[in-house]
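Report on the following structure.
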Amino acid sequence: MSRSRSFPNTVWRWLSGEHNAESGGYAGGGQNTATPLAATADIACQAQTLATRMPDLLLHASQMATTLASGLHPQRRAGWGDTFWQYRPAQPGEPVNRIDWRQSARTARAHVRETEAEAAQTVLLWCDFSGSMQWRSTNTLPGKLDRAVLLLLSMAALLLRNGERVQLLSPTGITPLPPASSALERLALGLCTLATNSRATDAALPAPILVPRRARLLLASDLLCPEAALQDCLRQLAAHPARAYLLHMTDPAENTLPYSGRTEFSGLEQEAPLELPHVQSLRDDYGDLVAARTHWLDQTTSRSGHSIVHHQTDMAPLPTLLALHAQMSQRV
């Protein structure tokens with residue numbers, strides 16, 4: 001008896017070398033076929049569900065940013081792009097949060113740590129809303145899209161605290177954000193709007209021409225796109241120049257193939273169904289191919305001068321945020 005399971009069938013095509021190089025690339029990089037009505041309805045339902053969960057995700061993101069910021073305090077970093085200039089004696093009426101208590105403890109009076117003024121950088125957020133990002137292997141796990149939104153908003157909260165300009169990138173360019181009480185809420189509402197207008201066949205990657213020169217791009221995606229499209233996108237960004245930080249999102253089932261018996265896998269982005277007997281017999285080879293692909297992603301990203309962090313949705317978000325923060329804090 002065959003079991004039927006939804007699964008990002010692009011994974012199978014990726015690992016078997018059969019991925020169609022003409023589809024699934026970056027925005028503006030080709031023609032997408034029309035999305036079936038059922039897929040459109042499913043995406044609309046997912047977008048509505050994301051909007052319903054957004055207040056909780058926004059609260060969690062703010063809490064994560066607070067935790068991350070407090071954990072980074074011992075590093076004595078004032079923020080990205082800030083260079084130490086000098087210590088000076090504190091003046092009457094000096095705000096308490098500007099006093100460097102470590103330096104003050106070594107002397108008889110309070111001192112302020114001054115930093116060299118530098119212009120804030122622009123950080124663009126890109127979220128992949130394609131069909132495979134809507135998937136999760138079990139209801140006990142967050143979907144890849146949910147976790148991507150949480151990580152993006154958490155990093156945005158931390159960036160905003162450090163005086164950076166954070167904007168949202170869509171397939172048509174930088175998106176005007178709706179009014180809200182805070183910049184972080186405006187970004188969250190903007191993500192909800194993009195999710196509502198998305199299609200299952202939307203591109204996983206942005207068109208490099210839409211990224212301003214010398215901007216930093218924080219890109220969250222499962223990267224289930226053709227190798228050539230990803231390589232081309234990263235090369236164009238590097239030549240622009242712009243620096244990309246990739247958040248590679250995966251579900252644990254995509255990495256381990258925990259299924260057994262005869263199983264029919266139905267796709268999420270118009271792929272044909274795929275029926276396999278004795279799926280468990282493929283598990284070891286599948287794991288080797290997944291590891292090889294992850295290594296390829298690391299090498300390709302590094303060669304282009306960008307950075308990548310891998311996140312599996314059964315992992316805690318904080319270690320991923322710490323790794324991403326370390327990468328974005330490096331001078332380039």
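Chain labels follow the order of the structure tokens: the first chain is A, the next B, and so on; residue numbering restarts at 1 in every chain, and ligands are counted from 1 in their shown order.
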
Just list as a PDB file with N, CA and C atoms, in the first residue's frame whatever in stretch 161-303 of chain A DSSP marks as strand (DSSP E).
```pdb
ATOM      1  N   ARG A 165      19.531  51.261   9.133  1.00  0.00           N
ATOM      2  CA  ARG A 165      18.307  51.405   8.334  1.00  0.00           C
ATOM      3  C   ARG A 165      17.914  50.028   7.806  1.00  0.00           C
ATOM      4  N   VAL A 166      16.727  49.583   8.118  1.00  0.00           N
ATOM      5  CA  VAL A 166      16.257  48.267   7.693  1.00  0.00           C
ATOM      6  C   VAL A 166      15.054  48.455   6.783  1.00  0.00           C
ATOM      7  N   GLN A 167      15.143  47.864   5.582  1.00  0.00           N
ATOM      8  CA  GLN A 167      14.061  47.971   4.609  1.00  0.00           C
ATOM      9  C   GLN A 167      13.696  46.582   4.094  1.00  0.00           C
ATOM     10  N   LEU A 168      12.549  46.504   3.459  1.00  0.00           N
ATOM     11  CA  LEU A 168      12.014  45.235   2.974  1.00  0.00           C
ATOM     12  C   LEU A 168      12.107  45.192   1.455  1.00  0.00           C
ATOM     13  N   LEU A 169      12.670  44.105   0.937  1.00  0.00           N
ATOM     14  CA  LEU A 169      12.834  43.941  -0.507  1.00  0.00           C
ATOM     15  C   LEU A 169      11.791  42.956  -1.024  1.00  0.00           C
ATOM     16  N   SER A 170      11.140  43.323  -2.115  1.00  0.00           N
ATOM     17  CA  SER A 170      10.137  42.470  -2.742  1.00  0.00           C
ATOM     18  C   SER A 170      10.547  42.201  -4.182  1.00  0.00           C
ATOM     19  N   GLY A 173      11.121  45.461  -5.957  1.00  0.00           N
ATOM     20  CA  GLY A 173      12.043  46.448  -5.420  1.00  0.00           C
ATOM     21  C   GLY A 173      11.797  46.696  -3.943  1.00  0.00           C
ATOM     22  N   ILE A 174      12.370  47.769  -3.420  1.00  0.00           N
ATOM     23  CA  ILE A 174      12.180  48.116  -2.012  1.00  0.00           C
ATOM     24  C   ILE A 174      10.722  48.494  -1.788  1.00  0.00           C
ATOM     25  N   ARG A 216      23.512  45.801   2.442  1.00  0.00           N
ATOM     26  CA  ARG A 216      23.636  44.444   2.980  1.00  0.00           C
ATOM     27  C   ARG A 216      22.275  43.771   2.864  1.00  0.00           C
ATOM     28  N   LEU A 217      22.277  42.543   2.380  1.00  0.00           N
ATOM     29  CA  LEU A 217      21.045  41.810   2.116  1.00  0.00           C
ATOM     30  C   LEU A 217      20.959  40.599   3.037  1.00  0.00           C
ATOM     31  N   LEU A 218      19.908  40.552   3.848  1.00  0.00           N
ATOM     32  CA  LEU A 218      19.635  39.407   4.709  1.00  0.00           C
ATOM     33  C   LEU A 218      18.540  38.587   4.052  1.00  0.00           C
ATOM     34  N   LEU A 219      18.906  37.422   3.553  1.00  0.00           N
ATOM     35  CA  LEU A 219      18.043  36.627   2.672  1.00  0.00           C
ATOM     36  C   LEU A 219      17.682  35.308   3.351  1.00  0.00           C
ATOM     37  N   ALA A 220      16.393  35.080   3.593  1.00  0.00           N
ATOM     38  CA  ALA A 220      15.912  33.843   4.214  1.00  0.00           C
ATOM     39  C   ALA A 220      15.193  32.994   3.177  1.00  0.00           C
ATOM     40  N   SER A 221      15.683  31.774   2.964  1.00  0.00           N
ATOM     41  CA  SER A 221      15.125  30.904   1.929  1.00  0.00           C
ATOM     42  C   SER A 221      15.550  29.463   2.196  1.00  0.00           C
ATOM     43  N   ARG A 243      26.634  42.934  -0.134  1.00  0.00           N
ATOM     44  CA  ARG A 243      26.997  41.776   0.671  1.00  0.00           C
ATOM     45  C   ARG A 243      25.734  41.041   1.102  1.00  0.00           C
ATOM     46  N   ALA A 244      25.681  39.736   0.855  1.00  0.00           N
ATOM     47  CA  ALA A 244      24.515  38.926   1.202  1.00  0.00           C
ATOM     48  C   ALA A 244      24.820  38.019   2.387  1.00  0.00           C
ATOM     49  N   TYR A 245      23.837  37.894   3.258  1.00  0.00           N
ATOM     50  CA  TYR A 245      23.894  36.970   4.401  1.00  0.00           C
ATOM     51  C   TYR A 245      22.706  36.031   4.245  1.00  0.00           C
ATOM     52  N   LEU A 246      22.987  34.768   3.947  1.00  0.00           N
ATOM     53  CA  LEU A 246      21.940  33.805   3.637  1.00  0.00           C
ATOM     54  C   LEU A 246      21.526  33.034   4.888  1.00  0.00           C
ATOM     55  N   LEU A 247      20.218  32.973   5.118  1.00  0.00           N
ATOM     56  CA  LEU A 247      19.637  32.120   6.145  1.00  0.00           C
ATOM     57  C   LEU A 247      19.019  30.922   5.435  1.00  0.00           C
ATOM     58  N   HIS A 248      19.707  29.787   5.501  1.00  0.00           N
ATOM     59  CA  HIS A 248      19.250  28.594   4.798  1.00  0.00           C
ATOM     60  C   HIS A 248      18.305  27.812   5.704  1.00  0.00           C
ATOM     61  N   MET A 249      17.021  27.766   5.335  1.00  0.00           N
ATOM     62  CA  MET A 249      15.993  27.152   6.161  1.00  0.00           C
ATOM     63  C   MET A 249      15.716  25.726   5.701  1.00  0.00           C
ATOM     64  N   THR A 250      15.697  24.780   6.630  1.00  0.00           N
ATOM     65  CA  THR A 250      15.347  23.393   6.304  1.00  0.00           C
ATOM     66  C   THR A 250      14.449  22.808   7.384  1.00  0.00           C
ATOM     67  N   THR A 263       5.997   4.984  -0.885  1.00  0.00           N
ATOM     68  CA  THR A 263       5.481   6.309  -0.567  1.00  0.00           C
ATOM     69  C   THR A 263       5.384   7.153  -1.826  1.00  0.00           C
ATOM     70  N   GLU A 264       4.265   7.833  -1.973  1.00  0.00           N
ATOM     71  CA  GLU A 264       4.101   8.782  -3.063  1.00  0.00           C
ATOM     72  C   GLU A 264       4.279  10.191  -2.511  1.00  0.00           C
ATOM     73  N   PHE A 265       5.228  10.929  -3.078  1.00  0.00           N
ATOM     74  CA  PHE A 265       5.495  12.299  -2.657  1.00  0.00           C
ATOM     75  C   PHE A 265       4.835  13.256  -3.644  1.00  0.00           C
ATOM     76  N   SER A 266       3.984  14.139  -3.131  1.00  0.00           N
ATOM     77  CA  SER A 266       3.326  15.134  -3.973  1.00  0.00           C
ATOM     78  C   SER A 266       4.010  16.482  -3.760  1.00  0.00           C
ATOM     79  N   LEU A 274       5.845  11.810  -7.212  1.00  0.00           N
ATOM     80  CA  LEU A 274       6.933  10.849  -7.323  1.00  0.00           C
ATOM     81  C   LEU A 274       6.667   9.706  -6.358  1.00  0.00           C
ATOM     82  N   GLU A 275       6.545   8.467  -6.883  1.00  0.00           N
ATOM     83  CA  GLU A 275       6.298   7.307  -6.045  1.00  0.00           C
ATOM     84  C   GLU A 275       7.569   6.470  -5.951  1.00  0.00           C
ATOM     85  N   LEU A 276       7.955   6.138  -4.723  1.00  0.00           N
ATOM     86  CA  LEU A 276       9.178   5.373  -4.483  1.00  0.00           C
ATOM     87  C   LEU A 276       8.877   4.177  -3.598  1.00  0.00           C
TER      88      LEU A 276
END
```

Under the rule of at most 9 Å, produce a per-residue listing of stretch 184-215 of chain A near stretch 147-159 of chain A: chain, number, name, the closest pair of atoms, and the distance in Å, as a Markdown table, using only C-alpha atoms.
```
| residue | atom | partner | partner_atom | distance |
| --- | --- | --- | --- | --- |
| A:Leu184 | CA | A:Ala157 | CA | 6.3 |
| A:Leu187 | CA | A:Leu153 | CA | 7.7 |
| A:Ala188 | CA | A:Leu153 | CA | 7.2 |
| A:Leu191 | CA | A:Val149 | CA | 8.0 |
```

Go ahead and dump the residues you just picked, C-alpha atoms, as a PDB file, in the first residue's frame.
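For reference, again_17.pdb as written:
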```pdb
ATOM      1  CA  LEU A 184       9.659  46.747  13.578  1.00  0.00           C
ATOM      2  CA  LEU A 187       8.381  45.537   8.754  1.00  0.00           C
ATOM      3  CA  ALA A 188       6.080  42.841  10.153  1.00  0.00           C
ATOM      4  CA  LEU A 191       5.951  40.876   5.388  1.00  0.00           C
TER       5      LEU A 191
END
```

Find the residues near A:Arg109: any atom within 8 Å, counting only C-alpha atoms, skip ones fewer than 2 places away on the same chain, and give them as a VMD selection string.
-> chain A and resid 89 to 90 104 to 105 107 111

Could you dump the residues just selected with N, CA, C and O atoms as a short mmCIF file (atom, residue, chain, number, x, y, z; two decimals), in the first residue's frame?
```cif
data_model
loop_
_atom_site.label_atom_id
_atom_site.label_comp_id
_atom_site.auth_asym_id
_atom_site.auth_seq_id
_atom_site.Cartn_x
_atom_site.Cartn_y
_atom_site.Cartn_z
N PRO A 89 36.06 61.92 30.62
CA PRO A 89 35.34 62.02 31.90
C PRO A 89 33.86 62.34 31.67
O PRO A 89 33.51 63.14 30.78
N ALA A 90 33.01 61.71 32.43
CA ALA A 90 31.57 61.98 32.32
C ALA A 90 31.27 63.39 32.82
O ALA A 90 31.86 63.86 33.79
N SER A 104 35.35 53.02 34.29
CA SER A 104 35.14 53.86 35.47
C SER A 104 35.63 53.18 36.74
O SER A 104 36.10 53.84 37.67
N ALA A 105 35.52 51.84 36.79
CA ALA A 105 35.95 51.11 37.99
C ALA A 105 37.46 51.18 38.20
O ALA A 105 37.94 50.96 39.31
N THR A 107 39.24 53.94 37.78
CA THR A 107 39.61 55.31 38.12
C THR A 107 38.72 55.82 39.25
O THR A 107 37.83 55.11 39.72
N HIS A 111 33.64 57.48 33.51
CA HIS A 111 34.11 57.79 32.16
C HIS A 111 33.10 57.31 31.12
O HIS A 111 32.40 56.33 31.33
#
```

Within 12 Å of A:Pro95, counting only C-alpha atoms, which residues show up once you throw out same-chain ones fewer than 4 positions away? Write them as a tab-separated table (two decimals) with N, CA, C and O atoms, in the first residue's frame, please.
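File around30.tsv, as written:
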```
chain	number	residue	atom	x	y	z
A	90	ALA	N	33.01	61.71	32.43
A	90	ALA	CA	31.57	61.98	32.32
A	90	ALA	C	31.27	63.39	32.82
A	90	ALA	O	31.86	63.86	33.79
A	91	GLN	N	30.34	64.05	32.16
A	91	GLN	CA	29.93	65.41	32.52
A	91	GLN	C	28.65	65.37	33.34
A	91	GLN	O	27.88	64.41	33.29
A	99	ILE	N	27.75	55.66	30.26
A	99	ILE	CA	28.93	55.48	31.11
A	99	ILE	C	29.51	54.09	30.91
A	99	ILE	O	28.78	53.09	30.90
A	100	ASP	N	30.81	54.01	30.73
A	100	ASP	CA	31.51	52.73	30.64
A	100	ASP	C	31.95	52.34	32.04
A	100	ASP	O	32.92	52.86	32.60
A	110	ALA	N	33.66	58.65	36.88
A	110	ALA	CA	32.99	57.96	35.77
A	110	ALA	C	33.56	58.43	34.44
A	110	ALA	O	33.90	59.60	34.27
A	111	HIS	N	33.64	57.48	33.51
A	111	HIS	CA	34.11	57.79	32.16
A	111	HIS	C	33.10	57.31	31.12
A	111	HIS	O	32.40	56.33	31.33
A	112	VAL	N	33.07	58.05	30.02
A	112	VAL	CA	32.20	57.71	28.89
A	112	VAL	C	33.07	57.19	27.75
A	112	VAL	O	34.13	57.74	27.46
```

Atom CA of A:Asn197 to atom CA of A:Glu269, distance in Å rounded to a single decimal | 16.1 Å

Provide the atom CA of A:Gly190 to atom CA of A:Leu177 distance in Å, to one decimal place.
-> 5.5 Å

Do you know which residues are at most 7 Å from A:Gly131 counting only C-alpha atoms, after dropping those on the same chain fewer than 4 positions away, and could you put them as a ChimeraX atom specification?
-> /A:200-201,268-269

Fewer than 3 positions away in the same chain doesn't count, so skip those; otherwise give me all residues within 10 Å of stretch 297-314 of chain A, counting only C-alpha atoms, as a PyMOL selection string.
-> chain A and resi 136+140-148+151+216-220+222-223+227+230-239+242-255+291-294+317+319-321+323-324+327-328+332

Out of A:Thr66, A:Gln121, A:Ser198, A:Gln134, which residue has the shortest atom-to-atom distance to A:Arg161 when counting only C-alpha atoms?
-> A:Thr66
